[in-house]
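Structure first, then comments.
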Amino acid sequence: MTDGGQRQYGPLGTTLVIIPTYNEAENVKPIVERVRSAVPEAHVLVADDNSPDGTGKLADELAATDDHVHVLHRKGKEGLGAAYLAGFRWGVEHGYGVLVEMDADGSHQPEELPRLLTALKGADLVLGSRWVPGGRVVNWPKSREFLSRGGSTYSRLLLDVPIRDVTGGFRAFRVDALDRLGLDEVASQGYCFQVDLARRAVKAGLHVVEVPITFVERERGDSKMSRDIVVEALWRVTAWGVGSRLDKIRGK
Ligand SMILES: Nc1nc2c(ncn2[C@@H]2O[C@H](COP(=O)(O)OP(=O)(O)OP(=O)(O)O)[C@@H](O)[C@H]2O)c(=O)[nH]1
Ligand SMILES: [Mg+2]
């Protein structure tokens, strides 16, 4: 999408990389270290849902020796969406200018963050994208690729969002753009949280830019992807699509 380069964007401010975790004991240390060396000026917030495997404690150990690392302990597993919303609130309260979403499992490569942040200088929201030219996935089974591409295509067509990778979770937001998304009303819990934010961004008229990324399948730990998450995404996206079509028919 383009606004024809008409708009002026302010300075970015300090970046907070939010990493939601649930049972990522094998991944939390390596991912935080990679972020710290890829973007040394950025801060990291691990948003842990009281992982039984001790991820939160490991994150505390990292925070104890590095003043750029912070931990948000949540009481129990409430889904990716709730963890991000809590992380966003924390970031806004602490005065960060840019909030980044990133998985803990290495699928999103911290080394690609500088490219996302450079693109954000001229945008409200930057999406790391697997499905634009130059984007790719490494080591994904065909079934997963089919689900992801299918989910993106279904969402794009039904919701009229001109975004190739609607479900991706490697994103950089300007804080003032987040304010315009109506986050208080977001109820999406799992995967569809990402679709929800993307559709809200387009609806709010934000300038959204997709930057190609190489997405790497997780090597350690277990996926939290489940049937329930896919079902939630399917019904919510369908309900949003039908709702907005009805609004159009009614002339709203
Ligand atoms: N705090 C919190 N984090 C979560 C929750 N569910 C998933 N996560 C984290 O969200 C990120 C994405 O979850 P994944 O299990 O990798 O989901 P996915 O990327 O769709 O699945 P795979 O591609 O199979 O890895 C990881 O960092 C998880 O630890 C949750 O309920 N609470
Ligand atoms: Mg993953």
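Each chain of the structure tokens is named A, B, ... in the order shown, its residues numbered from 1; ligands are numbered from 1 in display order.
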Selection: 6 Å around Ser107 in chain A, only C-alpha atoms, excl. self and same-chain fewer than 2 positions, as a list in words: Asp105, Phe215, Val216, Glu217 and Arg218 of chain A
Picked from range 86-156 of chain A by DSSP as alpha helix (DSSP H), as a PyMOL selection string: chain A and resi 86-93+113-120+142-156
Exercise: Ser51 in chain A partners within 8 Å, only C-alpha atoms, chain neighbours under 6 positions left out, as a ChimeraX atom specification: /A:21-24,76-77
Nearby residues (only C-alpha atoms) at most 8 Å from Asp124 in chain A, same-chain spacing under 3 positions excluded, as a ChimeraX atom specification: /A:120,173-174,177,206-208
Check which residues of chain A sit at most 8 Å from ligand 1 using only C-alpha atoms and all ligand atoms, and return one row each with the closest pair of atoms and their distance in Å to one decimal, ordered by chain and rising number, as CSV.
residue,atom,partner,partner_atom_place_in_ligand_line,distance
A:Ile19,CA,ligand 1,27 (O),6.2
A:Pro20,CA,ligand 1,3 (N),4.1
A:Thr21,CA,ligand 1,29 (O),3.6
A:Tyr22,CA,ligand 1,29 (O),4.1
A:Asn23,CA,ligand 1,29 (O),6.1
A:Glu24,CA,ligand 1,29 (O),5.6
A:Ala47,CA,ligand 1,1 (N),5.3
A:Asp48,CA,ligand 1,1 (N),4.4
A:Asp49,CA,ligand 1,1 (N),4.4
A:Asn50,CA,ligand 1,1 (N),7.9
A:Arg74,CA,ligand 1,1 (N),7.6
A:Gly76,CA,ligand 1,32 (N),7.8
A:Lys77,CA,ligand 1,31 (O),4.5
A:Glu78,CA,ligand 1,31 (O),4.8
A:Gly79,CA,ligand 1,31 (O),3.0
A:Leu80,CA,ligand 1,5 (C),4.3
A:Gly81,CA,ligand 1,30 (C),7.8
A:Ala82,CA,ligand 1,32 (N),7.4
A:Ala83,CA,ligand 1,1 (N),4.8
A:Tyr84,CA,ligand 1,1 (N),7.7
A:Met102,CA,ligand 1,27 (O),7.2
A:Asp103,CA,ligand 1,27 (O),3.9
A:Ala104,CA,ligand 1,27 (O),3.7
A:Asp105,CA,ligand 1,27 (O),5.5
A:Ser107,CA,ligand 1,19 (O),7.0
A:Arg144,CA,ligand 1,23 (O),7.9
A:Gly169,CA,ligand 1,12 (C),7.9
A:Gly190,CA,ligand 1,6 (N),7.1
A:Tyr191,CA,ligand 1,20 (O),6.7
A:Glu217,CA,ligand 1,23 (O),6.0
A:Arg218,CA,ligand 1,25 (O),5.3
A:Asp222,CA,ligand 1,15 (O),6.4
A:Ser223,CA,ligand 1,15 (O),3.5
A:Lys224,CA,ligand 1,15 (O),3.5
A:Met225,CA,ligand 1,21 (O),4.9
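Of note, CA of Gly221 in chain A and CA of Asn27 in chain A are spaced 7.4 Å apart.
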Contacts of Ile163 in chain A at 9 Å (only C-alpha atoms; same-chain gap of 2+ positions) as number ranges by chain: A: 1, 152, 156, 160-161, 165-166, 198, 208-210
For the selection you just gave me, I'd like the residues written to a file as a CSV table (one decimal), in the first residue's frame, keeping C-alpha atoms.
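This is the output file part.csv:
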chain,number,residue,atom,x,y,z
A,1,MET,CA,0.0,0.0,0.0
A,152,SER,CA,-4.0,-15.5,4.3
A,156,ARG,CA,-7.6,-11.1,2.3
A,160,ASP,CA,-10.8,-6.8,1.6
A,161,VAL,CA,-7.4,-6.3,3.1
A,165,ASP,CA,0.6,-12.2,4.7
A,166,VAL,CA,-2.3,-11.5,7.0
A,198,ALA,CA,-4.3,-6.2,10.2
A,208,VAL,CA,0.9,-0.6,6.1
A,209,VAL,CA,4.1,-1.9,4.4
A,210,GLU,CA,5.0,-5.6,3.9
Might you pull out every residue within 8 Å of range 178-182 of chain A, with only C-alpha atoms counted and same-chain residues fewer than 3 positions away left off, and present them as an mmCIF file with all heavy atoms, in the first residue's frame?
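Output (out_3.cif):
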data_model
loop_
_atom_site.group_PDB
_atom_site.id
_atom_site.type_symbol
_atom_site.label_atom_id
_atom_site.label_comp_id
_atom_site.auth_asym_id
_atom_site.auth_seq_id
_atom_site.Cartn_x
_atom_site.Cartn_y
_atom_site.Cartn_z
ATOM 1 N N PHE A 173 5.072 -1.831 15.030
ATOM 2 C CA PHE A 173 4.039 -0.788 15.081
ATOM 3 C C PHE A 173 4.628 0.493 15.642
ATOM 4 O O PHE A 173 5.366 0.459 16.626
ATOM 5 C CB PHE A 173 2.924 -1.153 16.074
ATOM 6 C CG PHE A 173 2.140 -2.377 15.761
ATOM 7 C CD1 PHE A 173 2.621 -3.636 16.100
ATOM 8 C CD2 PHE A 173 0.887 -2.275 15.175
ATOM 9 C CE1 PHE A 173 1.879 -4.775 15.852
ATOM 10 C CE2 PHE A 173 0.137 -3.417 14.918
ATOM 11 C CZ PHE A 173 0.633 -4.662 15.253
ATOM 12 N N ARG A 174 4.245 1.625 15.075
ATOM 13 C CA ARG A 174 4.443 2.878 15.791
ATOM 14 C C ARG A 174 3.382 2.939 16.887
ATOM 15 O O ARG A 174 2.221 2.584 16.644
ATOM 16 C CB ARG A 174 4.227 4.078 14.847
ATOM 17 C CG ARG A 174 5.385 4.345 13.931
ATOM 18 C CD ARG A 174 5.055 5.507 13.012
ATOM 19 N NE ARG A 174 6.152 5.753 12.109
ATOM 20 C CZ ARG A 174 7.122 6.648 12.319
ATOM 21 N NH1 ARG A 174 7.095 7.411 13.397
ATOM 22 N NH2 ARG A 174 8.093 6.793 11.455
ATOM 23 N N VAL A 175 3.766 3.424 18.058
ATOM 24 C CA VAL A 175 2.818 3.444 19.170
ATOM 25 C C VAL A 175 1.588 4.294 18.854
ATOM 26 O O VAL A 175 0.457 3.905 19.171
ATOM 27 C CB VAL A 175 3.526 3.950 20.446
ATOM 28 C CG1 VAL A 175 2.528 4.441 21.463
ATOM 29 C CG2 VAL A 175 4.334 2.824 21.055
ATOM 30 N N GLU A 185 -11.278 -3.347 22.264
ATOM 31 C CA GLU A 185 -12.370 -4.232 21.817
ATOM 32 C C GLU A 185 -11.875 -5.557 21.267
ATOM 33 O O GLU A 185 -12.678 -6.391 20.837
ATOM 34 C CB GLU A 185 -13.159 -3.545 20.693
ATOM 35 C CG GLU A 185 -13.851 -2.272 21.095
ATOM 36 C CD GLU A 185 -13.827 -1.275 19.944
ATOM 37 O OE1 GLU A 185 -13.836 -1.696 18.780
ATOM 38 O OE2 GLU A 185 -13.754 -0.065 20.232
ATOM 39 N N VAL A 186 -10.555 -5.761 21.221
ATOM 40 C CA VAL A 186 -10.047 -6.994 20.614
ATOM 41 C C VAL A 186 -10.312 -8.192 21.523
ATOM 42 O O VAL A 186 -9.914 -8.194 22.682
ATOM 43 C CB VAL A 186 -8.526 -6.876 20.328
ATOM 44 C CG1 VAL A 186 -7.945 -8.212 19.890
ATOM 45 C CG2 VAL A 186 -8.276 -5.814 19.264
ATOM 46 N N LEU A 197 -5.740 -7.519 13.983
ATOM 47 C CA LEU A 197 -4.972 -6.265 13.987
ATOM 48 C C LEU A 197 -4.751 -5.747 12.566
ATOM 49 O O LEU A 197 -4.830 -4.540 12.314
ATOM 50 C CB LEU A 197 -3.639 -6.448 14.719
ATOM 51 C CG LEU A 197 -3.647 -5.976 16.174
ATOM 52 C CD1 LEU A 197 -4.779 -6.566 16.965
ATOM 53 C CD2 LEU A 197 -2.321 -6.221 16.855
ATOM 54 N N ARG A 200 -7.956 -4.183 11.324
ATOM 55 C CA ARG A 200 -8.191 -2.909 12.010
ATOM 56 C C ARG A 200 -7.264 -1.819 11.458
ATOM 57 O O ARG A 200 -7.665 -0.664 11.327
ATOM 58 C CB ARG A 200 -7.959 -3.064 13.520
ATOM 59 C CG ARG A 200 -9.075 -3.797 14.213
ATOM 60 C CD ARG A 200 -8.675 -4.239 15.623
ATOM 61 N NE ARG A 200 -9.739 -5.017 16.207
ATOM 62 C CZ ARG A 200 -10.754 -4.504 16.910
ATOM 63 N NH1 ARG A 200 -10.813 -3.211 17.154
ATOM 64 N NH2 ARG A 200 -11.703 -5.276 17.373
ATOM 65 N N ALA A 201 -6.024 -2.204 11.161
ATOM 66 C CA ALA A 201 -5.057 -1.230 10.643
ATOM 67 C C ALA A 201 -5.531 -0.683 9.287
ATOM 68 O O ALA A 201 -5.488 0.526 9.040
ATOM 69 C CB ALA A 201 -3.688 -1.879 10.502
ATOM 70 N N ALA A 204 -8.528 1.570 9.732
ATOM 71 C CA ALA A 204 -8.181 2.858 10.334
ATOM 72 C C ALA A 204 -7.382 3.739 9.374
ATOM 73 O O ALA A 204 -6.993 4.854 9.720
ATOM 74 C CB ALA A 204 -7.379 2.629 11.619
#
